[in-house]
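S.K.: Can you read through this structure? Questions will come right after.
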Amino acid sequence: MTVRPYRSVLYIPGSKERALDKARGLPVDAIIFDLEDAVTPDAKVEARATLAKALKEGGYGKRAKIIRINALDTEWGREDALAVKDMEADAILLPKVDNALDVQALADLVGKMPIWAMMETCHGVWNAMEVAAHPQVQGFVAGTNDLAKELNCRARADRLPMMGALQMMLLAARAHGVIAVDGVYNQFKDDDGLRAECEQGRDLGFDGKTLIHPAQVDVTNAVFSPSEAEIDLARRQIEAFEEVERTGQGVAVVDGKIVENLHVETAKKVLSMASSIASL
Ligand SMILES: CC(C)(COP(=O)(O)OP(=O)(O)OC[C@H]1O[C@@H](n2cnc3c(N)ncnc32)[C@H](O)[C@@H]1OP(=O)(O)O)[C@@H](O)C(=O)NCCC(=O)NCCSC(=O)C[C@H](O)C(=O)O
Ligand SMILES: [Mg+2]
């Protein structure tokens, strides 16, 4: 079992050459090259060429390369999609997805390219299950700023007002084997707040977090990596289960807690993730 990490997923404005270059040396698992909100309207057309050049030059190593285009109902969306189709990227990210028809409209333009969907509209969250079920959809990104705007909810540290929406997108992602990455933490100089939100997102089940600034990378990678204690426990659970299996039993006990086959599957996933991270 190999698991690709998506702990840290950094947005980079597709128009900023300096940031595009800096990302080549940052220890992020994935990059979202942005043509949407991080790029001003007057720079959008030029950003396509800037981004295409940076991707052609390469240097992004093992980092997953995802390009966020403008929504297809904007004046830039269609041309973005057609341009991205020929760029060296792993996936295309569609913002403001409301339903599976939106995804199919993009698939009609880009062929078989893997598609990720921003989960940031009320319709999109409600229809998350059908979006995740689309055969080309491989990832969800929570767009918590747009979602807060649509919900008209307050930006609370505990994110209680949007908890239902976060869980709906996670339910859909998990039901269809889709990666799910949490939204951004806007106060990019507040490490303690970032850590708390990362821990919450990790505990909810997100694979990682989207980031807006390089200063957010280390905290995020640390929170979303399996800890030494988790790795040690996973090893001991697997060993203990294999031992009882040899005697024809199906339940082991480790640290006073039962270990069944399903726990062993989780333990193997932890080890696989740790090994993927170690190989980066
Ligand atoms: C937030 C920023 C505008 C801050 O920019 P700046 O003041 O220039 O930061 P620094 O001077 O501290 O930068 C230090 C160096 O780091 C590089 N840098 C900065 N940000 C990035 C980045 N995102 N990727 C790569 N490199 C970056 C600077 O170039 C400096 O480098 P150097 O000069 O060589 O030392 C800025 O960080 C920024 O624009 N961030 C991205 C904002 C963004 O992408 N917004 C859109 C995505 S969020 C979103 O849309 C959420 C979603 O849709 C929702 O609805 O929630
Ligand atoms: Mg958004």
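How things are named: the first chain in the structure tokens is A, the next is B, and so on; residues count from 1 in each chain; ligands count from 1 in the order shown.
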List all protein, DNA and RNA residues that have any atom at most 8 Å from ligand 2, counting only C-alpha atoms and all ligand atoms, and write the list as a VMD selection string.
M.R.: chain A and resid 37 95 to 96 118 120 143 to 147
S.K.: Name the residues, by chain letter and number, that sit within 6 Å of ligand 1 using only C-alpha atoms and all ligand atoms, and give them as a PyMOL selection string.
M.R.: chain A and resi 11-13+18-19+22-23+37-38+143-146+183-184+212-214
S.K.: What are the nearest atom pairs, with distances in Å to one decimal, for all residues of region 94-136 of chain A that come at most 12 Å from region 41-65 of chain A, using only C-alpha atoms, set out by chain and rising residue number as JSON lines?
M.R.:
```
{"residue": "A:Pro114", "atom": "CA", "partner": "A:Lys65", "partner_atom": "CA", "distance": 11.2}
{"residue": "A:Ile115", "atom": "CA", "partner": "A:Lys65", "partner_atom": "CA", "distance": 11.8}
{"residue": "A:Trp116", "atom": "CA", "partner": "A:Lys65", "partner_atom": "CA", "distance": 11.4}
```
S.K.: I'd like to know which residues of region 46-259 of chain A are helix (DSSP H, G or I) (by DSSP, run on the backbone); could you write them as an MDAnalysis selection string?
M.R.: chainID A and resid 46:57 77:85 100:110 122:126 128:133 144:151 160:175 191:204 214:224 228:246
S.K.: Identify, with DSSP run on backbone atoms, the residues in region 118-227 of chain A assigned to strand (DSSP E or B), and express the list as a ChimeraX atom specification.
M.R.: /A:118-119,137-142,179-182,208-211
S.K.: Could you turn the residues from that selection into a file that holds N, CA and C atoms, as an mmCIF file, in the first residue's frame?
M.R.:
```
data_model
loop_
_atom_site.group_PDB
_atom_site.id
_atom_site.type_symbol
_atom_site.label_atom_id
_atom_site.label_comp_id
_atom_site.auth_asym_id
_atom_site.auth_seq_id
_atom_site.Cartn_x
_atom_site.Cartn_y
_atom_site.Cartn_z
ATOM 1 N N MET A 118 -12.966 22.501 -5.644
ATOM 2 C CA MET A 118 -13.069 23.341 -4.448
ATOM 3 C C MET A 118 -14.449 23.116 -3.849
ATOM 4 N N MET A 119 -14.477 22.837 -2.571
ATOM 5 C CA MET A 119 -15.735 22.706 -1.839
ATOM 6 C C MET A 119 -15.940 24.024 -1.092
ATOM 7 N N VAL A 137 -12.748 12.883 -10.518
ATOM 8 C CA VAL A 137 -12.439 13.669 -9.315
ATOM 9 C C VAL A 137 -11.530 12.874 -8.384
ATOM 10 N N GLN A 138 -10.373 13.478 -8.078
ATOM 11 C CA GLN A 138 -9.402 12.797 -7.200
ATOM 12 C C GLN A 138 -9.151 13.549 -5.907
ATOM 13 N N GLY A 139 -9.603 14.811 -5.834
ATOM 14 C CA GLY A 139 -9.331 15.564 -4.610
ATOM 15 C C GLY A 139 -10.366 16.651 -4.359
ATOM 16 N N PHE A 140 -10.554 16.920 -3.057
ATOM 17 C CA PHE A 140 -11.397 18.048 -2.612
ATOM 18 C C PHE A 140 -10.499 19.037 -1.869
ATOM 19 N N VAL A 141 -10.741 20.322 -2.068
ATOM 20 C CA VAL A 141 -10.082 21.349 -1.268
ATOM 21 C C VAL A 141 -11.180 22.194 -0.625
ATOM 22 N N ALA A 142 -11.143 22.294 0.684
ATOM 23 C CA ALA A 142 -12.136 23.121 1.378
ATOM 24 C C ALA A 142 -11.801 24.594 1.127
ATOM 25 N N ILE A 179 -9.026 12.390 -2.013
ATOM 26 C CA ILE A 179 -8.206 13.156 -1.058
ATOM 27 C C ILE A 179 -9.018 14.362 -0.579
ATOM 28 N N ALA A 180 -8.844 14.729 0.696
ATOM 29 C CA ALA A 180 -9.550 15.921 1.208
ATOM 30 C C ALA A 180 -8.563 16.809 1.962
ATOM 31 N N VAL A 181 -8.413 18.049 1.481
ATOM 32 C CA VAL A 181 -7.463 18.979 2.085
ATOM 33 C C VAL A 181 -8.243 20.149 2.686
ATOM 34 N N ASP A 182 -7.871 20.510 3.897
ATOM 35 C CA ASP A 182 -8.590 21.538 4.653
ATOM 36 C C ASP A 182 -8.318 22.938 4.076
ATOM 37 N N GLY A 208 -4.570 16.961 4.880
ATOM 38 C CA GLY A 208 -3.598 18.036 5.038
ATOM 39 C C GLY A 208 -4.322 19.374 4.997
ATOM 40 N N LYS A 209 -3.511 20.437 4.854
ATOM 41 C CA LYS A 209 -4.098 21.779 4.883
ATOM 42 C C LYS A 209 -3.566 22.615 3.733
ATOM 43 N N THR A 210 -4.424 23.459 3.186
ATOM 44 C CA THR A 210 -3.941 24.417 2.191
ATOM 45 C C THR A 210 -3.319 25.603 2.923
ATOM 46 N N LEU A 211 -2.274 26.163 2.307
ATOM 47 C CA LEU A 211 -1.492 27.225 2.938
ATOM 48 C C LEU A 211 -1.352 28.408 1.996
#
```
S.K.: Just want the 7 Å neighbourhood of Ile66 (chain A), counted on only C-alpha atoms, with same-chain residues fewer than 6 positions away dropped. Output as a list of chain:residue names.
M.R.: A:Ile31, A:Ile32, A:Phe33, A:Ala89, A:Asp90, A:Ala91, A:Ile92, A:Leu93
S.K.: Just give me the gap between CA of Trp126 (chain A) and CA of Arg68 (chain A) in Å, one decimal is fine.
M.R.: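 Value for the CA of Trp126 (chain A)-CA of Arg68 (chain A) distance: 21.6 Å.
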S.K.: Excluding region 220-229 of chain A and residues on its chain fewer than 2 positions from it, collect all residues at most 8 Å away from it, counting only C-alpha atoms, and give them as a list in words.
M.R.: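 That gives Arg7, Ser8, Val28, Leu194, Arg195, Cys198, Glu199, Arg202, Asp207, Gly208, Lys209, Gln216, Val217, Asp218, Ile231, Asp232, Leu233, Val270, Met273, Ala274 and Ile277 of chain A.
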S.K.: Measuring atom to atom with only C-alpha atoms, identify which of A:Ala83, A:Ile238, A:Cys122, A:Leu26 is nearest to Leu109 (chain A).
M.R.: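 Ranked by minimum distance to Leu109 (chain A), first place goes to A:Ala83.
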S.K.: Considering only C-alpha atoms, state which residue in the set A:Ala215, A:Ala81, A:Met168, A:Val244 is at the smallest distance from Ile67 (chain A).
M.R.: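 Of all the options, A:Ala81 lies closest to Ile67 (chain A).
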S.K.: Of the candidates A:Gln237, A:Thr40, A:Gln200, A:Gln136, which one gets nearest to Glu265 (chain A) if we count only C-alpha atoms?
M.R.: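 Looking at the shortest contact to Glu265 (chain A), the residue is A:Gln237.
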S.K.: Quick one: residues within 8 Å of Leu170 (chain A), only C-alpha atoms counted, chain neighbours fewer than 2 positions away excluded, as a ChimeraX atom specification?
M.R.: /A:166-168,172-174,180,205-206
S.K.: If you measure from CA of Glu17 (chain A) to CA of Pro5 (chain A), what distance in Å do you get, rounded to one decimal?
M.R.: 25.9 Å
